[in-house]
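Enquirer: Enclosed is the structure file coords17.cif (mmCIF, C-alpha atoms).
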data_final
#
loop_
_atom_site.label_atom_id
_atom_site.label_comp_id
_atom_site.auth_asym_id
_atom_site.auth_seq_id
_atom_site.Cartn_x
_atom_site.Cartn_y
_atom_site.Cartn_z
CA MET A 181 -60.90 35.53 31.96
CA LYS A 182 -64.68 35.21 31.58
CA LYS A 183 -65.10 38.90 32.32
CA LEU A 184 -62.56 39.79 29.63
CA LEU A 185 -64.51 37.65 27.15
CA VAL A 186 -67.67 39.54 28.09
CA LEU A 187 -65.87 42.82 27.50
CA LEU A 188 -64.56 41.61 24.15
CA PHE A 189 -68.04 40.46 23.13
CA SER A 190 -69.53 43.83 24.14
CA PHE A 191 -66.82 45.66 22.22
CA LEU A 192 -67.43 43.59 19.08
CA THR A 193 -71.19 44.19 19.34
CA ILE A 194 -70.67 47.95 19.59
CA ALA A 195 -68.12 47.81 16.76
CA ALA A 196 -70.68 46.06 14.58
CA HIS A 197 -73.26 48.72 15.46
CA ALA A 198 -70.68 51.41 14.65
CA SER A 199 -69.96 49.87 11.27
CA GLU A 200 -73.68 49.78 10.48
CA SER A 201 -73.94 53.45 11.46
CA ALA A 202 -70.92 54.27 9.34
CA GLU A 203 -72.61 52.74 6.29
CA GLY A 204 -75.73 54.81 6.92
CA GLY A 205 -74.00 57.96 8.14
CA GLU A 206 -72.36 59.31 11.29
CA PHE A 207 -72.02 57.08 14.35
CA ARG A 208 -74.65 58.11 16.91
CA PRO A 209 -73.73 56.88 20.40
CA GLY A 210 -77.07 57.97 21.86
CA ASP A 211 -79.00 55.72 19.48
CA MET A 212 -76.64 52.81 20.16
CA ILE A 213 -76.92 53.17 23.95
CA THR A 214 -80.71 53.54 23.85
CA HIS A 215 -80.95 50.44 21.66
CA HIS A 216 -78.94 48.39 24.18
CA ILE A 217 -80.74 49.48 27.38
CA ALA A 218 -84.30 49.69 26.05
CA ASP A 219 -86.83 46.89 25.72
CA ASP A 220 -87.45 45.48 22.25
CA TYR A 221 -89.43 42.91 20.27
CA THR A 222 -86.18 41.24 19.19
CA TRP A 223 -83.28 39.94 21.25
CA HIS A 224 -80.02 41.00 19.66
CA PHE A 225 -77.08 38.90 20.89
CA ALA A 226 -74.46 39.87 18.29
CA ASP A 227 -74.17 41.03 14.71
CA GLY A 228 -76.27 38.58 12.70
CA VAL A 229 -77.47 36.69 15.80
CA VAL A 230 -81.01 37.90 16.50
CA LEU A 231 -83.90 36.12 18.22
CA TYR A 232 -87.26 37.31 16.91
CA LEU A 233 -89.80 37.16 19.74
CA PRO A 234 -93.54 36.43 19.51
CA VAL A 235 -95.93 39.35 19.15
CA ILE A 236 -99.31 38.92 20.90
CA LEU A 237 -101.88 41.64 20.21
CA VAL A 238 -105.50 41.93 21.33
CA ASP A 239 -107.28 44.18 18.83
CA ASN A 240 -110.88 44.88 19.88
CA GLY A 241 -111.20 41.38 21.29
CA ASP A 242 -109.40 39.61 18.42
CA VAL A 243 -106.10 37.91 19.31
CA ASN A 244 -103.32 38.18 16.73
CA MET A 245 -100.07 36.24 17.17
CA PHE A 246 -97.05 36.37 14.85
CA SER A 247 -93.28 36.66 14.90
CA SER A 248 -91.67 40.10 15.23
CA SER A 249 -89.55 39.18 12.18
CA ASN A 250 -92.54 40.20 10.05
CA PHE A 251 -91.81 43.84 10.91
CA TYR A 252 -88.43 43.65 9.12
CA ASN A 253 -87.65 43.22 5.42
CA GLU A 254 -84.55 41.60 3.89
CA HIS A 255 -82.57 44.81 4.51
CA HIS A 256 -83.61 44.82 8.20
CA GLU A 257 -85.73 47.91 7.63
CA ILE A 258 -88.91 48.31 9.67
CA VAL A 259 -92.07 47.78 7.61
CA PRO A 260 -95.78 47.54 8.53
CA TYR A 261 -97.35 44.09 8.78
CA ASN A 262 -100.95 42.87 8.83
CA GLY A 263 -102.34 46.32 9.63
CA TYR A 264 -99.82 47.11 12.39
CA ALA A 265 -96.77 49.37 12.50
CA LEU A 266 -93.70 49.28 14.74
CA GLU A 267 -92.30 52.67 15.72
CA HIS A 268 -89.94 53.72 18.56
CA GLY A 269 -90.26 50.33 20.28
CA HIS A 270 -94.08 50.30 20.30
CA ILE A 271 -96.67 48.64 18.09
CA TYR A 272 -99.54 50.74 16.76
CA LYS A 273 -102.52 50.16 14.51
CA ALA A 274 -101.51 51.20 10.98
CA ASN A 275 -103.60 53.29 8.59
CA ALA A 276 -103.99 52.65 4.85
CA GLU A 277 -100.55 54.19 4.19
CA GLY A 278 -98.89 51.95 6.79
CA GLU A 279 -98.32 54.82 9.23
CA PRO A 280 -98.98 54.32 12.97
CA MET A 281 -102.29 55.53 14.42
CA GLU A 282 -101.28 56.67 17.91
CA GLU A 283 -104.85 57.66 18.80
CA TYR A 284 -106.22 54.14 18.24
CA ALA A 285 -107.53 52.89 21.62
CA GLY A 286 -108.60 49.31 20.99
CA LEU A 287 -105.15 47.70 20.81
CA TYR A 288 -103.54 45.90 23.76
CA ASP A 289 -100.01 44.52 23.59
CA PHE A 290 -99.18 41.28 25.47
CA SER A 291 -96.06 40.47 23.46
CA ILE A 292 -93.07 38.54 24.79
CA THR A 293 -90.46 41.30 24.63
CA LYS A 294 -86.76 41.02 25.37
CA ASN A 295 -87.24 41.92 29.04
CA VAL A 296 -90.11 39.45 29.45
CA ALA A 297 -88.06 36.67 27.82
CA SER A 298 -85.11 37.54 30.06
CA MET A 299 -87.38 37.37 33.11
CA PHE A 300 -88.53 33.90 32.07
CA VAL A 301 -84.88 32.84 31.77
CA SER A 302 -84.02 34.22 35.22
CA VAL A 303 -87.07 32.59 36.83
CA ALA A 304 -86.21 29.24 35.22
CA LEU A 305 -82.64 29.62 36.47
CA LEU A 306 -83.88 30.41 39.99
CA PHE A 307 -86.12 27.33 39.98
CA ILE A 308 -83.28 25.11 38.78
CA VAL A 309 -80.81 26.45 41.36
CA PHE A 310 -83.07 26.35 44.40
CA PHE A 311 -84.87 23.12 43.63
CA SER A 312 -81.39 21.59 43.31
CA ILE A 313 -80.40 23.08 46.67
CA ALA A 314 -83.63 21.80 48.28
CA ALA A 315 -82.90 18.31 46.92
CA SER A 316 -79.37 18.53 48.36
CA TYR A 317 -80.73 19.39 51.80
CA LYS A 318 -83.01 16.34 51.73
CA LYS A 319 -80.27 14.07 50.43
CA ASN A 320 -77.54 15.31 52.79
CA ALA A 321 -79.67 15.93 55.89
CA GLY A 322 -77.45 16.44 58.92
CA LYS A 323 -74.30 16.58 56.80
CA ALA A 324 -72.05 19.48 55.84
CA PRO A 325 -73.28 21.36 52.76
CA ARG A 326 -71.64 20.47 49.45
CA GLY A 327 -71.38 22.02 46.01
CA MET A 328 -73.93 24.68 45.13
CA GLN A 329 -75.55 24.30 48.55
CA SER A 330 -72.32 25.36 50.29
CA PHE A 331 -72.19 28.54 48.18
CA PHE A 332 -75.76 29.71 48.75
CA GLU A 333 -76.25 28.63 52.37
CA PRO A 334 -74.09 31.44 53.90
CA ILE A 335 -75.97 34.00 51.79
CA ILE A 336 -79.35 32.68 52.93
CA ILE A 337 -78.21 32.64 56.57
CA PHE A 338 -76.91 36.21 56.20
CA ILE A 339 -80.28 37.39 54.87
CA ARG A 340 -82.05 35.60 57.73
CA ASP A 341 -79.81 36.80 60.58
CA GLU A 342 -78.50 40.19 59.46
CA ILE A 343 -81.46 41.46 57.46
CA ALA A 344 -84.69 39.73 58.54
CA LYS A 345 -84.07 39.07 62.24
CA ALA A 346 -82.17 42.30 62.84
CA ASN A 347 -84.81 44.56 61.28
CA ILE A 348 -88.13 42.72 61.69
CA GLY A 349 -87.69 40.93 64.99
CA PRO A 350 -89.49 37.80 66.23
CA LYS A 351 -92.01 37.86 63.37
CA TYR A 352 -89.30 37.64 60.69
CA GLU A 353 -90.12 34.11 59.49
CA ARG A 354 -93.30 35.05 57.64
CA TYR A 355 -91.30 37.53 55.52
CA MET A 356 -88.35 35.28 54.70
CA PRO A 357 -89.83 33.79 51.48
CA TYR A 358 -90.39 37.27 50.04
CA LEU A 359 -87.02 38.65 51.16
CA LEU A 360 -85.11 35.67 49.74
CA THR A 361 -87.09 35.80 46.50
CA ILE A 362 -86.58 39.53 46.00
CA PHE A 363 -82.86 39.35 46.80
CA PHE A 364 -82.02 36.51 44.43
CA PHE A 365 -84.40 37.74 41.70
CA ILE A 366 -82.72 41.16 41.63
CA TRP A 367 -79.20 39.75 41.98
CA PHE A 368 -79.61 37.13 39.23
CA ASN A 369 -81.16 39.63 36.82
CA ASN A 370 -78.47 42.22 37.57
CA LEU A 371 -75.82 39.63 36.69
CA LEU A 372 -77.68 38.44 33.59
CA GLY A 373 -77.82 42.05 32.41
CA LEU A 374 -74.01 42.11 32.41
CA MET A 375 -73.78 39.01 30.23
CA PRO A 376 -73.23 39.29 26.46
CA GLY A 377 -76.56 40.15 24.87
CA GLY A 378 -78.18 40.43 28.30
CA ALA A 379 -81.42 42.36 28.76
CA ASN A 380 -81.59 45.39 31.03
CA LEU A 381 -84.48 43.97 33.10
CA THR A 382 -83.74 45.60 36.47
CA GLY A 383 -82.96 48.81 34.58
CA ASN A 384 -86.57 48.90 33.40
CA ILE A 385 -88.59 51.22 35.61
CA ALA A 386 -91.79 49.20 35.06
CA VAL A 387 -90.09 46.16 36.63
CA THR A 388 -88.71 48.10 39.60
CA LEU A 389 -92.15 49.72 40.02
CA VAL A 390 -93.80 46.30 40.42
CA LEU A 391 -91.15 45.20 42.94
CA ALA A 392 -91.65 48.42 44.92
CA ILE A 393 -95.44 47.98 44.86
CA LEU A 394 -95.08 44.47 46.26
CA THR A 395 -93.02 45.84 49.15
CA LEU A 396 -95.60 48.61 49.68
CA LEU A 397 -98.54 46.17 49.77
CA ILE A 398 -96.81 43.83 52.22
CA THR A 399 -95.91 46.79 54.45
CA VAL A 400 -99.42 48.25 54.43
CA PHE A 401 -101.19 44.94 55.07
CA SER A 402 -98.69 44.06 57.80
CA GLY A 403 -99.25 47.31 59.67
CA ASN A 404 -100.52 46.87 63.23
CA LYS A 405 -102.46 49.30 65.41
CA SER A 406 -99.24 50.89 66.63
CA TYR A 407 -98.06 51.49 63.05
CA TRP A 408 -101.28 53.18 61.95
CA GLY A 409 -101.54 54.97 65.28
CA HIS A 410 -98.18 56.63 64.68
CA ILE A 411 -99.42 57.79 61.28
CA PHE A 412 -102.80 59.21 62.30
CA ALA A 413 -101.79 60.29 65.83
CA THR A 414 -98.06 60.95 65.79
CA PRO A 415 -96.73 60.68 69.38
CA GLY A 416 -95.42 63.84 70.99
CA VAL A 417 -97.04 66.11 68.39
CA PRO A 418 -99.69 68.66 69.49
CA LYS A 419 -103.19 67.91 68.25
CA TRP A 420 -103.38 71.16 66.31
CA LEU A 421 -100.54 69.91 64.10
CA ALA A 422 -102.46 66.74 63.14
CA PRO A 423 -103.93 68.23 59.91
CA ILE A 424 -100.34 68.80 58.76
CA MET A 425 -98.68 65.67 60.10
CA ILE A 426 -101.23 63.12 58.87
CA PRO A 427 -100.79 64.05 55.15
CA VAL A 428 -97.01 64.11 55.65
CA GLU A 429 -97.04 60.62 57.21
CA LEU A 430 -99.34 59.27 54.48
CA ILE A 431 -97.07 60.69 51.77
CA GLY A 432 -94.15 59.01 53.55
CA ILE A 433 -95.81 55.62 53.06
CA PHE A 434 -95.55 56.07 49.27
CA THR A 435 -92.20 57.88 49.08
CA LYS A 436 -90.38 54.91 50.62
CA PRO A 437 -91.26 52.41 47.85
CA PHE A 438 -90.80 55.21 45.30
CA SER A 439 -87.21 55.57 46.46
CA LEU A 440 -86.76 51.79 46.13
CA MET A 441 -88.02 51.93 42.56
CA VAL A 442 -85.86 54.84 41.45
CA ARG A 443 -82.70 53.67 43.27
CA LEU A 444 -82.62 50.25 41.61
CA PHE A 445 -83.63 51.57 38.18
CA ALA A 446 -81.17 54.47 38.19
CA ASN A 447 -78.14 52.57 39.48
CA ILE A 448 -78.45 49.65 37.08
CA THR A 449 -79.24 51.81 34.04
CA ALA A 450 -76.44 54.25 34.86
CA GLY A 451 -73.89 51.44 34.97
CA HIS A 452 -74.87 50.21 31.50
CA ILE A 453 -74.83 53.73 30.08
CA ILE A 454 -71.35 54.48 31.48
CA ILE A 455 -69.82 51.27 30.08
CA LEU A 456 -71.39 51.77 26.64
CA SER A 457 -70.34 55.43 26.65
CA LEU A 458 -66.72 54.49 27.38
CA PHE A 459 -66.71 52.06 24.46
CA SER A 460 -68.35 54.68 22.24
CA LEU A 461 -65.42 57.06 22.80
CA ILE A 462 -63.28 54.81 20.60
CA PHE A 463 -65.56 55.34 17.61
CA ILE A 464 -66.21 59.01 18.35
CA PHE A 465 -62.53 60.06 18.48
CA GLU A 466 -61.27 57.34 16.09
CA SER A 467 -57.90 57.52 17.80
CA LEU A 468 -55.51 54.73 18.72
CA ALA A 469 -54.57 56.62 21.89
CA VAL A 470 -58.17 56.65 23.15
CA GLY A 471 -58.73 52.91 22.62
CA PRO A 472 -56.60 51.42 25.44
CA LEU A 473 -57.72 54.10 27.92
CA SER A 474 -61.38 53.58 27.08
CA VAL A 475 -61.11 49.79 27.38
CA ALA A 476 -59.24 50.11 30.70
CA PHE A 477 -61.96 52.30 32.22
CA ALA A 478 -64.71 50.07 30.79
CA THR A 479 -62.99 47.01 32.32
CA PHE A 480 -62.87 48.72 35.72
CA MET A 481 -66.56 49.67 35.41
CA ASN A 482 -67.50 46.09 34.53
CA PHE A 483 -65.85 44.76 37.67
CA LEU A 484 -67.48 47.55 39.67
CA GLU A 485 -70.86 46.59 38.20
CA LEU A 486 -70.44 43.07 39.60
CA PHE A 487 -70.27 44.62 43.06
CA VAL A 488 -73.15 47.01 42.31
CA ALA A 489 -75.29 44.06 41.15
CA LEU A 490 -74.96 42.47 44.59
CA LEU A 491 -75.13 45.76 46.49
CA GLN A 492 -78.42 46.86 44.90
CA ALA A 493 -80.04 43.50 45.66
CA TYR A 494 -78.86 43.82 49.27
CA ILE A 495 -80.10 47.41 49.64
CA PHE A 496 -83.54 46.65 48.20
CA THR A 497 -83.91 43.65 50.51
CA LEU A 498 -82.59 45.51 53.56
CA LEU A 499 -84.89 48.51 53.12
CA SER A 500 -87.88 46.23 52.50
CA ALA A 501 -87.11 44.42 55.76
CA MET A 502 -86.83 47.76 57.59
CA TYR A 503 -90.26 48.82 56.29
CA PHE A 504 -91.76 45.49 57.38
CA GLY A 505 -90.12 45.88 60.78
CA GLY A 506 -91.62 49.33 61.23
CA ALA A 507 -95.05 47.97 60.35
CA VAL A 508 -95.04 45.09 62.86
CA GLU A 509 -93.06 46.71 65.67
CA GLU A 510 -94.94 47.13 68.93
CA HIS A 511 -94.36 50.67 70.25
CA ASP A 512 -94.74 51.78 73.84
CA HIS A 513 -97.44 54.33 74.55
CA VAL A 514 -96.09 57.88 74.32
CA ASP A 515 -97.76 60.74 76.10
CA ASP A 516 -98.08 64.33 74.92
CA MET A 517 -94.73 65.25 76.45
CA GLY A 518 -92.95 62.62 74.37
CA PHE A 519 -92.17 60.26 77.29
CA GLY A 520 -92.98 56.57 77.39
CA ASP A 521 -95.13 54.76 79.90
CA GLY A 522 -92.32 54.59 82.36
CA GLY A 523 -91.55 58.30 82.07
CA HIS A 524 -88.06 57.63 80.66
CA HIS A 525 -86.51 59.66 77.88
#
How does the structure come out when it is put into structure tokens?
Expert:
Amino acid sequence: MKKLLVLLFSFLTIAAHASESAEGGEFRPGDMITHHIADDYTWHFADGVVLYLPVILVDNGDVNMFSSSNFYNEHHEIVPYNGYALEHGHIYKANAEGEPMEEYAGLYDFSITKNVASMFVSVALLFIVFFSIAASYKKNAGKAPRGMQSFFEPIIIFIRDEIAKANIGPKYERYMPYLLTIFFFIWFNNLLGLMPGGANLTGNIAVTLVLAILTLLITVFSGNKSYWGHIFATPGVPKWLAPIMIPVELIGIFTKPFSLMVRLFANITAGHIIILSLFSLIFIFESLAVGPLSVAFATFMNFLELFVALLQAYIFTLLSAMYFGGAVEEHDHVDDMGFGDGGHH
């Protein structure tokens, strides 16, 4: 029932956007989809329900703070304000005519955008949930888990036993805080992105880039002698191939987190685009026959996205654990013939 309400809310939001487009001309699905998946200085929940977020600009050392509502007039048209112009989702220094100066280099934007605000919401939610669970463990020590604790405990145990222990080995405990944090952060934000008016945080490549860099840094700084030895002196490879293999191995260090970044970004963004595209078909064809079919496929995709939200959190966490495991694993010495110390294959 809740999922149907989410679908109805999404449909009404797109319908409102379509009606606005109809007043100003032809309905443009590309603009509507881009508006919904991109970051913004406002948080649009529904037609007429908009949260204007704070703009924080550092202009040659001077800090300017104001509401993003100043960039919109009474007709919701974008206008320059206080020497700044908003264009294509970015704030620029404005010239005397109010046009953006893209070559101006002294402006730094630290604004609370929709994605940043959504991240604050998800972090607050994570703190509330897990501080509550921690309090339950203290209160019910030695007793069977109850309530929210009973829901999350099997998930935490699964991450510990099937992801951390299985892929990292005896040294898994030091990585558990990161693995649990990354799993629940991605999962919660994936789910929040499916809520009415939700921000596409995990579909923002800057966010997935930071998560991938964190995994890269932990992997690199966890690497033992065996890990780096396999990179700079690959076992079983003739020495004359070292000039080729070393660059290949070094590139491999960076391609792994790159794949993490792109996989999460692409899967989450693609899901949003497909659902919005299916709804857009109703307004493109303007046919009663297309409506039920479009809604049926969009409903199926919404349920599928619930599974994808969990799956992508699991995959990111699993692959991170595998990279950590490869960095801390102790390898047997391998001779030039590719056999171990004991001479076994």
Enquirer: So that I can check the surroundings of Asn370 of chain A, please list as a ChimeraX atom specification every protein, DNA and RNA residue that reaches within 8 Å of it, counting all atoms listed in the file and ignoring chain neighbours fewer than 2 positions away.
Expert: /A:366-368,372-374,380-382,448,489-490
Enquirer: Find, counting only C-alpha atoms, the residue in A:Ala413, A:Val238, A:Phe434, A:Gly263 that gets nearest to Gly286 of chain A.
Expert: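 The answer is A:Val238, which sits nearest to Gly286 of chain A.
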Enquirer: Report the distance between atom CA of Ala324 of chain A and atom CA of Leu359 of chain A in Å, rounded to one decimal place.
Expert: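 Separation between atom CA of Ala324 of chain A and atom CA of Leu359 of chain A: 24.8 Å.
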Enquirer: Starting from the shown file, work through the PyMOL selection byres ((chain A and resi 236) around 7) and note down what comes out as a ChimeraX atom specification.
Expert: /A:234-235,237-238,244-246,289-291
Enquirer: Under the rule that all atoms listed in the file are counted, which of A:Ala507, A:Glu283, A:Ile455, A:Ile462 is the nearest residue to His410 of chain A?
Expert: A:Ala507
Enquirer: Give me, please, the distance in Å between atom CA of Leu430 of chain A and atom CA of Ile411 of chain A, quoted to one decimal.
Expert: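 Interatomic distance, atom CA of Leu430 of chain A to atom CA of Ile411 of chain A: 7.0 Å.
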Enquirer: Adding 6 Å on each side of the box along x, y and z that holds all listed atoms of segment 237-245 of chain A, could you give its centre and edge lengths in Å to one decimal, as lines of an AutoDock Vina configuration file?
Expert:
center_x = -105.6
center_y = 40.6
center_z = 19.0
size_x = 23.1
size_y = 20.6
size_z = 16.6
Enquirer: List the residues selected by the PyMOL selection byres ((chain A and resi 231) around 10) in the file shown, writing them as a PDB file with C-alpha atoms, keeping the file's coordinate frame.
Expert:
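Output saved as part.pdb:
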ATOM      1  CA  TYR A 221     -89.430  42.910  20.270  1.00  0.00           C
ATOM      2  CA  THR A 222     -86.180  41.240  19.190  1.00  0.00           C
ATOM      3  CA  TRP A 223     -83.280  39.940  21.250  1.00  0.00           C
ATOM      4  CA  HIS A 224     -80.020  41.000  19.660  1.00  0.00           C
ATOM      5  CA  PHE A 225     -77.080  38.900  20.890  1.00  0.00           C
ATOM      6  CA  GLY A 228     -76.270  38.580  12.700  1.00  0.00           C
ATOM      7  CA  VAL A 229     -77.470  36.690  15.800  1.00  0.00           C
ATOM      8  CA  VAL A 230     -81.010  37.900  16.500  1.00  0.00           C
ATOM      9  CA  TYR A 232     -87.260  37.310  16.910  1.00  0.00           C
ATOM     10  CA  LEU A 233     -89.800  37.160  19.740  1.00  0.00           C
ATOM     11  CA  PRO A 234     -93.540  36.430  19.510  1.00  0.00           C
ATOM     12  CA  SER A 247     -93.280  36.660  14.900  1.00  0.00           C
ATOM     13  CA  SER A 248     -91.670  40.100  15.230  1.00  0.00           C
ATOM     14  CA  SER A 249     -89.550  39.180  12.180  1.00  0.00           C
ATOM     15  CA  LYS A 294     -86.760  41.020  25.370  1.00  0.00           C
TER      16      LYS A 294
END
Enquirer: List as a list in words the protein and nucleic acid residues near segment 308-321 of chain A, meaning an atom at most 12 Å away when all atoms listed in the file are counted, but skip any in the same chain fewer than 2 places from it.
Expert: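 Counting only the stated atoms, we get Val301, Ser302, Val303, Ala304, Leu305, Leu306, Lys323, Ala324, Pro325, Arg326, Gly327, Met328, Gln329, Ser330, Phe331, Phe332, Glu333, Ile336, Leu360, Thr361, Phe364, Phe365 and Phe368 of chain A.
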Enquirer: Apply the PyMOL selection byres ((chain A and resi 272-277) around 12) to the file shown and report the selected residues as JSON, numbers by chain.
Expert: {"A": [237, 238, 239, 240, 251, 259, 260, 261, 262, 263, 264, 265, 266, 267, 268, 269, 270, 271, 278, 279, 280, 281, 282, 283, 284, 285, 286, 287, 288, 289]}
Enquirer: Quote the spacing between atom CA of Ile213 of chain A and atom CA of Phe459 of chain A in Å to one decimal place.
Expert: 10.3 Å
Enquirer: Taking all atoms listed in the file into account, which of A:Leu468, A:Val417, A:Val475, A:Ile433 comes nearest Thr399 of chain A?
Expert: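 For Thr399 of chain A, the nearest of the candidates is A:Ile433.
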Enquirer: Tell me which protein, DNA and RNA residues are within 7 Å of Gln492 of chain A, counting all atoms listed in the file, leaving out same-chain ones fewer than 4 positions away, and put them as a VMD selection string.
Expert: chain A and resid 444 488 496
Enquirer: Select, counting all atoms listed in the file, all protein, DNA and RNA residues no farther than 12 Å from (-86.0, 47.6, 39.7) in file coordinates, and express the selection as a PyMOL selection string.
Expert: chain A and resi 362-363+365-367+369-370+380-395+437-449+489+492-493+495-497
